[in-house]
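Visitor: Dumping the structure here so I can ask a few things about it.
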Protein chains: 2
Amino acid sequence: MATQPVSDVVINRLPLYLRMLTFLQREGKTITSSQELSERLDFSSAQIRKDLSYFGEFGKQGTGYNIEYLQKQLRQILHVDHDWEVVLVGAGDLGRALVHYQGFAPQGFKLVAIFDNAPQKIGMTVGDLVVQTMTELPRVVRSKNVRIAILAVPEEVAQQVADELIELGIRAILCYASITLSVPSDVKVHYIDPVAGMQSMMYYL
Amino acid sequence: MATQPVSDVVINRLPLYLRMLTFLQREGKTITSSQELSERLDFSSAQIRKDLSYFGEFGKQGTGYNIEYLQKQLRQILHVDHDWEVVLVGAGDLGRALVHYQGFAPQGFKLVAIFDNAPQKIGMTVGDLVVQTMTELPRVVRSKNVRIAILAVPEEVAQQVADELIELGIRAILCYASITLSVPSDVKVHYIDPVAGMQSMMYYL
DNA sequence: TAGATTGTTAATCGATTAACAATC
DNA sequence: TAGATTGTTAATCGATTAACAATC
């Protein structure tokens, strides 16, 4: 185990390990190995062992990894061993689909509010949330001390909304706008860009 | 210019260059430089020049790059200089939001059909498409010779649907299911996984 | 014990960057 | 011309992998 800073590419693989463990568990397995994970995830087994070894010794020689134990450890490492509250900005088709998306809650991400500034959207019910005006944003974020936001607004206003969110204390942004945001170094942004994904696949076609 | 195979990480940056060029163009610029792109994209200028140099010499010493010309070249390299037809499988909240998504069409990705196998969804109008049964999938894909699919189905059926798509000739899959698909090496898959993105950001929080 | 698999080291491989000649 | 910026080389940096002692 090392206490050196661990690279971003390693951190980005941890959620995939976690996901695969849940998968194997659902298949009835209680123990796995770097070899098995390797085959299922298409990473080398050496890479998987090395990635895990940055954080501790989670396996047993000759046996492998206890799935439940490793899951628990990975959740702690990623800080997803407890719930996080999330605000969502943008109540267009995408924003509303994200409220209905069933994938966040089981992983501990609770959408607590949705905002928009189009008058005709304010007051609209989406799932079990009600669309609020952007002027309510500071109150909600501050009172609940929310650190995470999902940005589902048009790219023209994305930077401006991001600035406001950061000002209010948001430190992680899942950005659905097709734009590279400029943010301070202590703010993390993860981009979801289906078009860029499509375009890079076209190269090989 | 080299004709060696170009790495995946380079290819993945090309759409970001393309996007930024469009952005700069909208700001009224006609010429840019690796330096300017560097500042706006947070890559080093050397990296940008090197990435582009794999494909040709697109700039002028002392001047920089003509935005329109570079855009055109990048589109050719990525094979996005013409339209592509795309089929969408899954007419849940996500699938329907993707039909309404305004980002695909301007980049030449035309959604030509949407499929689902839930009887209550068949015949439903979504945007200007009508949800068809999965049994129609082979006919549509084959007659239009579609090569690209978006997979917006639950993870339990994602692998099975992917297998069917590949069998029909699909060669690029944009996968919204939280699962690592196993596919032949000549099929490209790009994953969109907001939860994994969230989780890796949590590490830094 | 024999077999299996970890954690880790050192070697390899690949990607990024610094620097600069070429040249617009 | 003088100033600026490309395209490219060589050096550096970082990530992946092969291999194996340790050990369950």
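Residue numbers start at 1 in each chain; chains themselves are named A, B, ... in the order of the structure tokens; ligands are numbered from 1 in the order shown.
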I want to know what sits within 12 Å of DT12 in chain C, based on only C-alpha atoms (C1' of nucleotides), with residues of the same chain fewer than 2 positions away left out; could you give that as a VMD selection string?
Guide: (chain C and resid 10 14) or (chain D and resid 15 to 18)
Visitor: Would you mind listing, as a PDB file with N, CA and C atoms, in the first residue's frame, all residues of chain B that have at least one atom within 9 Å of chain D, where only C-alpha atoms (C1' of nucleotides) are what counts?
Guide:
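out26.pdb, written as the output of this step:
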ATOM      1  N   MET B   1       3.592  13.808 -41.205  1.00  0.00           N
ATOM      2  CA  MET B   1       2.430  12.914 -41.236  1.00  0.00           C
ATOM      3  C   MET B   1       2.869  11.460 -41.241  1.00  0.00           C
ATOM      4  N   SER B  33      -4.726  29.140 -32.987  1.00  0.00           N
ATOM      5  CA  SER B  33      -3.384  28.576 -32.847  1.00  0.00           C
ATOM      6  C   SER B  33      -3.430  27.449 -31.819  1.00  0.00           C
ATOM      7  N   SER B  34      -2.390  26.622 -31.818  1.00  0.00           N
ATOM      8  CA  SER B  34      -2.338  25.539 -30.832  1.00  0.00           C
ATOM      9  C   SER B  34      -2.330  26.132 -29.417  1.00  0.00           C
ATOM     10  N   GLN B  35      -1.751  27.309 -29.305  1.00  0.00           N
ATOM     11  CA  GLN B  35      -1.722  28.011 -28.017  1.00  0.00           C
ATOM     12  C   GLN B  35      -3.133  28.371 -27.539  1.00  0.00           C
ATOM     13  N   ARG B  49      -0.611  20.060 -31.331  1.00  0.00           N
ATOM     14  CA  ARG B  49       0.127  20.032 -32.597  1.00  0.00           C
ATOM     15  C   ARG B  49       0.504  18.613 -32.978  1.00  0.00           C
ATOM     16  N   LYS B  50       0.909  17.832 -31.973  1.00  0.00           N
ATOM     17  CA  LYS B  50       1.304  16.450 -32.253  1.00  0.00           C
ATOM     18  C   LYS B  50       0.106  15.620 -32.715  1.00  0.00           C
ATOM     19  N   SER B  53      -0.669  16.420 -36.192  1.00  0.00           N
ATOM     20  CA  SER B  53       0.393  16.038 -37.135  1.00  0.00           C
ATOM     21  C   SER B  53       0.334  14.562 -37.528  1.00  0.00           C
ATOM     22  N   GLU B  57      -0.503  18.159 -42.327  1.00  0.00           N
ATOM     23  CA  GLU B  57      -0.004  19.478 -41.942  1.00  0.00           C
ATOM     24  C   GLU B  57      -1.104  20.473 -42.246  1.00  0.00           C
ATOM     25  N   GLY B  59      -1.573  23.513 -40.503  1.00  0.00           N
ATOM     26  CA  GLY B  59      -1.324  24.883 -40.073  1.00  0.00           C
ATOM     27  C   GLY B  59      -0.296  25.595 -40.937  1.00  0.00           C
ATOM     28  N   LYS B  60      -0.058  26.839 -40.601  1.00  0.00           N
ATOM     29  CA  LYS B  60       0.943  27.669 -41.275  1.00  0.00           C
ATOM     30  C   LYS B  60       1.845  28.250 -40.197  1.00  0.00           C
ATOM     31  N   GLN B  61       3.174  28.081 -40.373  1.00  0.00           N
ATOM     32  CA  GLN B  61       4.076  28.672 -39.387  1.00  0.00           C
ATOM     33  C   GLN B  61       3.841  30.167 -39.275  1.00  0.00           C
ATOM     34  N   GLY B  62       3.908  30.668 -38.078  1.00  0.00           N
ATOM     35  CA  GLY B  62       3.754  32.101 -37.865  1.00  0.00           C
ATOM     36  C   GLY B  62       2.325  32.573 -37.827  1.00  0.00           C
ATOM     37  N   THR B  63       1.394  31.734 -38.307  1.00  0.00           N
ATOM     38  CA  THR B  63       0.001  32.162 -38.414  1.00  0.00           C
ATOM     39  C   THR B  63      -0.924  31.332 -37.538  1.00  0.00           C
ATOM     40  N   GLY B  64      -0.849  30.021 -37.719  1.00  0.00           N
ATOM     41  CA  GLY B  64      -1.731  29.149 -36.961  1.00  0.00           C
ATOM     42  C   GLY B  64      -2.584  28.307 -37.882  1.00  0.00           C
TER      43      GLY B  64
END
Visitor: Could you list the residues in chain B lying within 6 Å of chain A, using only C-alpha atoms, and format the result as number ranges by chain?
Guide: B: 11-12, 15, 78-79, 93-94, 97, 196, 200, 202-203
Visitor: So that I have them on file, write out the residues from the current selection with N, CA, C and O atoms, as an mmCIF file, in the first residue's frame.
Guide:
data_model
loop_
_atom_site.group_PDB
_atom_site.id
_atom_site.type_symbol
_atom_site.label_atom_id
_atom_site.label_comp_id
_atom_site.auth_asym_id
_atom_site.auth_seq_id
_atom_site.Cartn_x
_atom_site.Cartn_y
_atom_site.Cartn_z
ATOM 1 N N ILE B 11 -7.562 9.794 -30.857
ATOM 2 C CA ILE B 11 -8.854 9.832 -31.551
ATOM 3 C C ILE B 11 -9.937 10.435 -30.658
ATOM 4 O O ILE B 11 -10.773 11.212 -31.122
ATOM 5 N N ASN B 12 -9.891 10.111 -29.382
ATOM 6 C CA ASN B 12 -10.899 10.644 -28.468
ATOM 7 C C ASN B 12 -10.806 12.147 -28.261
ATOM 8 O O ASN B 12 -11.770 12.775 -27.833
ATOM 9 N N PRO B 15 -12.747 14.902 -31.437
ATOM 10 C CA PRO B 15 -14.060 15.555 -31.348
ATOM 11 C C PRO B 15 -14.045 16.803 -30.472
ATOM 12 O O PRO B 15 -14.804 17.744 -30.720
ATOM 13 N N LEU B 78 -12.445 11.927 -39.051
ATOM 14 C CA LEU B 78 -13.376 11.198 -38.178
ATOM 15 C C LEU B 78 -14.524 10.541 -38.944
ATOM 16 O O LEU B 78 -15.350 9.852 -38.338
ATOM 17 N N HIS B 79 -14.584 10.772 -40.242
ATOM 18 C CA HIS B 79 -15.696 10.269 -41.060
ATOM 19 C C HIS B 79 -17.036 10.845 -40.625
ATOM 20 O O HIS B 79 -18.054 10.156 -40.654
ATOM 21 N N ASP B 93 -37.765 6.258 -20.530
ATOM 22 C CA ASP B 93 -37.528 7.694 -20.362
ATOM 23 C C ASP B 93 -36.274 8.130 -21.097
ATOM 24 O O ASP B 93 -36.263 9.142 -21.793
ATOM 25 N N LEU B 94 -35.232 7.322 -20.938
ATOM 26 C CA LEU B 94 -33.953 7.673 -21.543
ATOM 27 C C LEU B 94 -34.043 7.665 -23.070
ATOM 28 O O LEU B 94 -33.645 8.631 -23.725
ATOM 29 N N ALA B 97 -35.931 10.604 -24.305
ATOM 30 C CA ALA B 97 -35.163 11.849 -24.162
ATOM 31 C C ALA B 97 -34.105 11.943 -25.261
ATOM 32 O O ALA B 97 -33.828 13.023 -25.781
ATOM 33 N N ALA B 196 -20.882 5.940 -12.870
ATOM 34 C CA ALA B 196 -19.437 5.745 -12.759
ATOM 35 C C ALA B 196 -18.727 7.100 -12.731
ATOM 36 O O ALA B 196 -17.779 7.296 -11.970
ATOM 37 N N SER B 200 -16.410 8.335 -9.535
ATOM 38 C CA SER B 200 -14.988 8.662 -9.551
ATOM 39 C C SER B 200 -14.733 10.092 -9.075
ATOM 40 O O SER B 200 -13.703 10.373 -8.479
ATOM 41 N N MET B 202 -16.374 11.436 -6.612
ATOM 42 C CA MET B 202 -16.512 11.401 -5.148
ATOM 43 C C MET B 202 -15.182 11.141 -4.451
ATOM 44 O O MET B 202 -14.965 11.580 -3.338
ATOM 45 N N TYR B 203 -14.290 10.410 -5.126
ATOM 46 C CA TYR B 203 -12.972 10.137 -4.554
ATOM 47 C C TYR B 203 -12.284 11.420 -4.093
ATOM 48 O O TYR B 203 -11.608 11.438 -3.078
#
Visitor: Would you work out the distance separating CA of Pro138 in chain B from CA of Asp81 in chain B, expressed in Å to one decimal?
Guide: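 Those two atoms sit 26.9 Å apart.
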Visitor: With DSSP run on the backbone, what are the strand (DSSP E or B) residues within range 89-179 of chain A? I'd like them as a list in words.
Guide: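 These are the residues in question: Val89, Phe109, Lys110, Leu111, Val112, Ala113, Ile114, Phe115, Asp116, Thr125, Val126, Leu129, Val130, Val131, Gln132, Thr133, Ile148, Ala149, Ile150, Leu151, Ala172, Ile173, Leu174 and Cys175 of chain A.
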